[in-house]
Amino acid sequence: MAHGHNSNEKVVYVGDSRVKKSNHPNIPPDYTAFPGKSEAFIPNFLLKEWMVGCVVLVGFLAWTIAEPAPLGYPADPTNAAFVPMPDWYFLFLYQFLKYPYVSQDYILLGTLGVPGVLFGGLLLAPFLDTGKERRFYRRPIASSLMFLSLIACVYLTVVSWDHYQHTLEANGQIPEHIEREEKAREAAEAGKERPNYTKPAPVASLVDADDPAMDIAKQAQCVSCHAADLKGQGSVPPLTGVGDILSKEEIAEVITNGRNNGAMPAFKDSLSSEEIDQLATWLSKQKTAAE
Amino acid sequence: MFKSVYNWIDERLDITPLWRDVADHEVPEHVNPAHHFSAFVYCFGGLTFFITVIQILSGMFLTMYYVPDIINAYASVDYLQHQVAFGQIVRGMHHFGASLVIVMMFLHTLRVFFTGSYKAPREMNWVVGMLIFFIMLGLGFTGYLLPWDNKAYYATKVGVEIAASVPVLGPYIADFLYGGDIVGAQTLTRFFAIHVFFLPGALIAMLAAHFIMIRKQGISGPL
Ligand code: HEM
C-alpha cells in the first residue's frame, strides 16, 4: 500500500484505510473563551431541554387520554347532507376562496394569483427584503406586511369556523365524531355494546331460488319493488336474509296486510292464503347462515 | 467495557469528530432561556423537531394496524382507537401532534421572520424552511383522508376540486391525486403512499439540509 505506515507521510492512516489515525484527546472545549454566558450544547444545554421535553411529553400524553382523537362515520360518497370541513390550518384558504373576485370567473386569481404572490413572497423573502437591518420595528414594510397577513389569516379562519357552526345549526346537525361518541356513551350507560359501524353488511343470496314460490313472487309483482333478485332497491328492504329478522308468521302477516301505510301493499285480495303460506314458508327459509 | 468498545470503533472509523461537532457547538447567551426568558422564542425550532419526531414515531406505530383500502381503512382505525392497547394514545398523539407541529412551525417561522434571521447569509436556509412548510401542509392534507370517515372524504373531495380548478395543470393534479374520477380506492392508496413514503422522505432530506446549514452558520447573533 502506498500510504500505510510510511513515516515520511505527514498524515498517518489506520491500516490500509483512508481513516486518519488521530490522537487528539477527547476533551470538550472550555467555553470561557466565548463571549457572554455560552454553554456547550451537549450535555449542558440538552439536558435542560430534555427535562422540559419530558414535561411537555407527559402533558401531551395526558391530553391524548383525556380527549380521544375524533372519528366520524365511515365515508359515504352518496351522503349529500355532509358539510365538508378541512383541517383548521386550511380554513383561511378555504374561506378566502368563497369571496367574489377570487372564485367562479376569477378563480384563477383565487387559486394561483393571490396565494401565489403571498406564498411566493414568503418563499423569496430574503431576496425581497435585502437590507442589513434585522430588528422588526426598523423594517416597517416587511413587518407590517407580515402583521397584515397574520390578521387576515386569523380573521378568515374565525369567519370560516363560525360559518361552519352556523351551517351545522341551520341543518340541525352535530359533527359526526361527537354524535358517534354520544351514541357510544349512551350504549355504555344502557349496558349495551358500543355501536359498531364497521361490520360488513352480510350479503345474503337467495336460498332455493328455483322453489315454485319464486314464481308466485314474480307473478305477484313482488320483484317490481324488491328487485328481480329480491335484494331490495332504494328504500325497499331486501327479502334475502329476511328469515333472520322475521318468523314465518310475521312474514305472512306482512304479506297479508301490508305495512307502513301500504308502502308494502296488502296482498290478501290478490293472493290466496295457500299462496301466501307458500311464500311465507319459503321466505322464512331465507337466512344468511343457511348456506 | 463501553469505553474500550468505543475506542475500538473510534480507532477504526475516527467517529469522535462526528459527534463532537454536534456536542461542542456553543449555545450563546442570547438564545438561552436560562439567561433571558424572552429567548424562549428560539426554542420553537427545537420544539418543532421534537413534535416531528413524535409524528414519525407514532406514525410508524399507526402503520402496524392501519390498512390503506376503502373497505378496511375505517375499520382498522376504529379498531386501533377502541380495541388495541394504547391505540387511543398512539392515534391521539399523531392526530393532535399534526396540529401541534403546524403551530410550532408557525411560531418558529414567525420568530425567524421577526428577528430578521432569514437575511444574509441565511437566505438558503429560509428557502429550505419554506419548502419544509409546504411539505408539512402536504402531510396534513394527505393524512386527513386516511381515517376514511365522512369528514376525511369530503375535505379531500373539496381540496382536490379546488386544485382541479387551476388552469392547464389543474386536471393533471386532480388526476394524479384521484387516480380516477372520484375520491375512491385509488385515491386512498395514493394518499397513503404520499403521506407515508414520499413526503416524509422529502421532509427528512430537507431537515438534514436545514440542520447542516444551521450547524455550519451558527445561530444568528443578538439583535
Ligand atoms: C419541521 C419543521 C422545522 C424544524 C424541525 C426546524 C428546526 C430548526 C431549528 C432547531 C433551528 C435552530 C434555531 C431555533 O430553534 O429557532 C432552526 C433555525 C432556522 N429555521 Fe427552522 N425548522 C423548521 C421549519 C422552518 C421553516 C418553516 C422556516 C421558514 C420558512 C425555517 C427557517 C429557519 C431559519 C432561517 C433558521 C436559522 C435561524 C437563525 O439562525 O436564527 N425553519 N430551524
# chains A, B, ... in the order shown; residues from 1 in each chain; ligands from 1
$ residues_near_ligand --ligand "ligand 1" --cutoff "7 Å" --atoms "only C-alpha atoms and all ligand atoms" --output "VMD selection string"
(chain A and resid 123) or (chain B and resid 41 to 46 48 to 49 52 105 to 106 108 to 109 112 117 to 118 122 to 123 125 to 130 132 to 133 207 210 to 211 214 218 to 220)
$ select_by_dssp --residues "range 6-176 of chain B" --states "alpha helix (DSSP H)" --output "PyMOL selection string"
chain B and resi 6-13+16-23+44-62+73-82+87-114+123-145+150-164+170-176
$ closest_atom_pairs --of "chain A" --to "chain B" --cutoff "6 Å" --atoms "only C-alpha atoms" --output "CSV"
residue,atom,partner,partner_atom,distance
A:Gly36,CA,B:Glu29,CA,5.7
A:Lys37,CA,B:Glu29,CA,5.0
A:Ser38,CA,B:Pro28,CA,4.3
A:Glu39,CA,B:Val27,CA,5.3
A:Ala40,CA,B:Glu26,CA,4.7
A:Phe41,CA,B:Ala23,CA,5.5
A:Ile42,CA,B:Ala23,CA,4.5
A:Thr64,CA,B:Gly92,CA,4.9
A:Ala69,CA,B:Gly92,CA,4.9
A:Gly72,CA,B:Asp149,CA,5.4
A:Tyr73,CA,B:Asp149,CA,5.2
A:Pro74,CA,B:Asp149,CA,4.2
A:Ala75,CA,B:Asn150,CA,4.1
A:Pro84,CA,B:Tyr154,CA,5.1
A:Met85,CA,B:Ala155,CA,5.4
A:Pro86,CA,B:Ala155,CA,4.9
A:Leu123,CA,B:Val127,CA,5.7
A:Pro126,CA,B:Glu123,CA,5.3
A:Arg134,CA,B:Gly116,CA,4.3
A:Arg135,CA,B:Thr115,CA,5.9
A:Phe136,CA,B:Phe114,CA,5.2
A:Thr198,CA,B:Ala75,CA,5.2
$ atom_distance --atom1 "CA of Trp161 in chain A" --atom2 "CA of Trp88 in chain A"
8.3 Å
$ residues_around --residues "Thr111 in chain A" --least-positions-apart "5" --cutoff "12 Å" --atoms "only C-alpha atoms" --output "list in words"
Leu93, Tyr94, Phe96, Leu97, Lys98, Tyr99, Tyr101, Val102, Ser103, Gln104, Asp105, Tyr106, Gly116, Val117, Leu118 and Phe119 of chain A; Gly159, Val160, Glu161, Ile162, Ala163, Ala164, Ser165, Val166, Pro167, Leu169 and Gly170 of chain B
$ write_last_selection --atoms "N, CA and C atoms" --output "compact mmCIF listing (two decimals), in the first residue's frame"
# COMPACT_ATOMS: atom_id res chain seq x y z
N LEU A 93 -57.61 29.54 3.73
CA LEU A 93 -57.63 29.45 2.27
C LEU A 93 -59.04 29.07 1.79
N TYR A 94 -59.65 28.16 2.53
CA TYR A 94 -60.99 27.68 2.19
C TYR A 94 -61.98 28.83 2.21
N PHE A 96 -61.21 32.07 2.10
CA PHE A 96 -60.78 33.08 1.13
C PHE A 96 -61.40 32.80 -0.24
N LEU A 97 -61.43 31.50 -0.62
CA LEU A 97 -61.92 31.15 -1.96
C LEU A 97 -63.43 31.28 -2.08
N LYS A 98 -64.11 31.66 -1.00
CA LYS A 98 -65.56 31.81 -1.09
C LYS A 98 -65.94 33.22 -1.49
N TYR A 99 -64.99 34.16 -1.50
CA TYR A 99 -65.33 35.54 -1.79
C TYR A 99 -65.40 35.77 -3.29
N TYR A 101 -64.68 37.67 -6.75
CA TYR A 101 -63.42 38.18 -7.30
C TYR A 101 -62.25 37.22 -7.08
N VAL A 102 -62.45 36.19 -6.25
CA VAL A 102 -61.41 35.16 -6.20
C VAL A 102 -62.04 33.79 -6.42
N SER A 103 -63.33 33.78 -6.84
CA SER A 103 -63.95 32.49 -7.11
C SER A 103 -64.67 32.60 -8.45
N GLN A 104 -65.35 31.52 -8.83
CA GLN A 104 -66.12 31.48 -10.08
C GLN A 104 -65.26 31.95 -11.27
N ASP A 105 -65.64 33.09 -11.88
CA ASP A 105 -64.91 33.56 -13.06
C ASP A 105 -63.49 33.98 -12.72
N TYR A 106 -63.29 34.34 -11.46
CA TYR A 106 -61.98 34.86 -11.08
C TYR A 106 -61.17 33.83 -10.31
N GLY A 116 -50.34 32.67 -4.74
CA GLY A 116 -49.03 32.62 -5.40
C GLY A 116 -48.18 33.79 -4.99
N VAL A 117 -48.76 34.99 -5.02
CA VAL A 117 -48.00 36.18 -4.64
C VAL A 117 -47.59 36.11 -3.18
N LEU A 118 -48.54 35.73 -2.32
CA LEU A 118 -48.24 35.72 -0.89
C LEU A 118 -47.21 34.65 -0.52
N PHE A 119 -47.47 33.40 -0.96
CA PHE A 119 -46.53 32.35 -0.61
C PHE A 119 -45.21 32.53 -1.36
N GLY B 159 -60.88 19.69 -1.48
CA GLY B 159 -59.50 20.11 -1.70
C GLY B 159 -59.04 19.82 -3.12
N VAL B 160 -59.31 18.60 -3.58
CA VAL B 160 -58.85 18.26 -4.93
C VAL B 160 -59.64 19.04 -5.96
N GLU B 161 -60.92 19.30 -5.68
CA GLU B 161 -61.71 20.11 -6.63
C GLU B 161 -61.12 21.50 -6.76
N ILE B 162 -60.65 22.06 -5.64
CA ILE B 162 -60.02 23.38 -5.71
C ILE B 162 -58.76 23.29 -6.56
N ALA B 163 -57.95 22.27 -6.30
CA ALA B 163 -56.72 22.11 -7.08
C ALA B 163 -57.04 21.92 -8.56
N ALA B 164 -58.14 21.21 -8.85
CA ALA B 164 -58.51 20.93 -10.23
C ALA B 164 -58.93 22.19 -10.97
N SER B 165 -59.31 23.23 -10.23
CA SER B 165 -59.78 24.44 -10.90
C SER B 165 -58.62 25.30 -11.38
N VAL B 166 -57.40 24.92 -11.04
CA VAL B 166 -56.24 25.64 -11.56
C VAL B 166 -56.17 25.39 -13.07
N PRO B 167 -56.00 26.45 -13.88
CA PRO B 167 -55.99 26.22 -15.32
C PRO B 167 -54.78 25.39 -15.76
N LEU B 169 -52.79 23.04 -15.51
CA LEU B 169 -52.23 21.99 -14.67
C LEU B 169 -53.30 21.27 -13.85
N GLY B 170 -54.38 22.02 -13.51
CA GLY B 170 -55.39 21.51 -12.60
C GLY B 170 -55.83 20.08 -12.86
$ residues_around --residues "range 216-229 of chain A" --least-positions-apart "2" --cutoff "10 Å" --atoms "only C-alpha atoms" --output "PyMOL selection string"
chain A and resi 205-206+209+211-214+231-240+255+263-265+267+270-271+275-276+278-279
$ atom_distance --atom1 "CA of Phe61 in chain B" --atom2 "CA of Gly87 in chain B"
9.1 Å
$ decode --residues "range 82-177 of chain B" --atoms "C-alpha atoms" --output "compact mmCIF listing (two decimals), in the first residue's frame"
# COMPACT_ATOMS: atom_id res chain seq x y z
CA HIS B 82 -61.06 1.27 20.68
CA GLN B 83 -59.54 -2.21 20.93
CA VAL B 84 -55.76 -2.01 20.73
CA ALA B 85 -53.91 -1.37 23.99
CA PHE B 86 -52.62 2.22 23.98
CA GLY B 87 -54.12 2.60 20.50
CA GLN B 88 -56.01 5.67 21.59
CA ILE B 89 -52.79 7.25 22.82
CA VAL B 90 -50.85 6.48 19.67
CA ARG B 91 -53.61 7.76 17.42
CA GLY B 92 -54.21 10.74 19.67
CA MET B 93 -50.55 11.70 19.60
CA HIS B 94 -50.44 11.52 15.84
CA HIS B 95 -53.75 13.35 15.43
CA PHE B 96 -53.13 16.21 17.83
CA GLY B 97 -49.41 16.21 17.08
CA ALA B 98 -50.27 17.07 13.48
CA SER B 99 -51.90 20.27 14.68
CA LEU B 100 -49.23 20.96 17.26
CA VAL B 101 -46.42 20.62 14.75
CA ILE B 102 -48.10 23.16 12.48
CA VAL B 103 -48.49 25.57 15.39
CA MET B 104 -44.86 25.17 16.42
CA MET B 105 -43.63 25.52 12.85
CA PHE B 106 -45.72 28.64 12.51
CA LEU B 107 -44.25 30.16 15.67
CA HIS B 108 -40.75 29.19 14.55
CA THR B 109 -41.30 30.84 11.18
CA LEU B 110 -42.53 33.99 12.88
CA ARG B 111 -39.51 34.00 15.20
CA VAL B 112 -37.16 33.72 12.23
CA PHE B 113 -39.11 36.37 10.37
CA PHE B 114 -39.36 38.96 13.11
CA THR B 115 -35.75 38.54 14.24
CA GLY B 116 -34.73 39.05 10.62
CA SER B 117 -32.75 35.81 10.80
CA TYR B 118 -33.53 34.99 7.18
CA LYS B 119 -31.18 37.71 5.98
CA ALA B 120 -27.74 37.12 4.51
CA PRO B 121 -26.05 34.71 4.92
CA ARG B 122 -29.11 32.57 5.88
CA GLU B 123 -31.27 33.05 2.76
CA MET B 124 -30.93 29.45 1.64
CA ASN B 125 -31.99 28.13 4.99
CA TRP B 126 -35.13 30.24 4.87
CA VAL B 127 -35.99 28.86 1.43
CA VAL B 128 -35.40 25.31 2.67
CA GLY B 129 -37.59 26.17 5.67
CA MET B 130 -40.41 27.27 3.40
CA LEU B 131 -40.12 24.03 1.44
CA ILE B 132 -40.44 22.19 4.76
CA PHE B 133 -43.50 24.33 5.44
CA PHE B 134 -45.15 23.18 2.21
CA ILE B 135 -44.20 19.56 2.83
CA MET B 136 -45.84 19.81 6.25
CA LEU B 137 -49.04 21.18 4.75
CA GLY B 138 -48.94 18.34 2.22
CA LEU B 139 -48.58 15.83 5.05
CA GLY B 140 -51.57 17.40 6.77
CA PHE B 141 -53.68 17.24 3.64
CA THR B 142 -52.86 13.65 2.70
CA GLY B 143 -53.09 12.38 6.28
CA TYR B 144 -56.55 13.84 6.73
CA LEU B 145 -58.05 11.38 4.22
CA LEU B 146 -56.63 8.24 5.78
CA PRO B 147 -59.26 7.53 8.52
CA TRP B 148 -61.79 7.36 5.67
CA ASP B 149 -64.71 8.85 7.55
CA ASN B 150 -67.07 11.39 6.05
CA LYS B 151 -65.01 14.36 7.22
CA ALA B 152 -61.92 12.91 5.58
CA TYR B 153 -63.75 12.05 2.40
CA TYR B 154 -65.44 15.38 1.80
CA ALA B 155 -62.46 17.53 2.82
CA THR B 156 -60.35 15.69 0.28
CA LYS B 157 -63.04 15.97 -2.36
CA VAL B 158 -63.27 19.73 -1.88
CA GLY B 159 -59.50 20.11 -1.70
CA VAL B 160 -58.85 18.26 -4.93
CA GLU B 161 -61.71 20.11 -6.63
CA ILE B 162 -60.02 23.38 -5.71
CA ALA B 163 -56.72 22.11 -7.08
CA ALA B 164 -58.51 20.93 -10.23
CA SER B 165 -59.78 24.44 -10.90
CA VAL B 166 -56.24 25.64 -11.56
CA PRO B 167 -55.99 26.22 -15.32
CA VAL B 168 -53.91 23.89 -17.52
CA LEU B 169 -52.23 21.99 -14.67
CA GLY B 170 -55.39 21.51 -12.60
CA PRO B 171 -56.80 18.43 -14.34
CA TYR B 172 -53.41 16.75 -14.19
CA ILE B 173 -53.07 17.44 -10.47
CA ALA B 174 -56.57 16.10 -9.87
CA ASP B 175 -55.82 13.03 -11.96
CA PHE B 176 -52.59 12.44 -10.08
CA LEU B 177 -54.28 12.72 -6.69
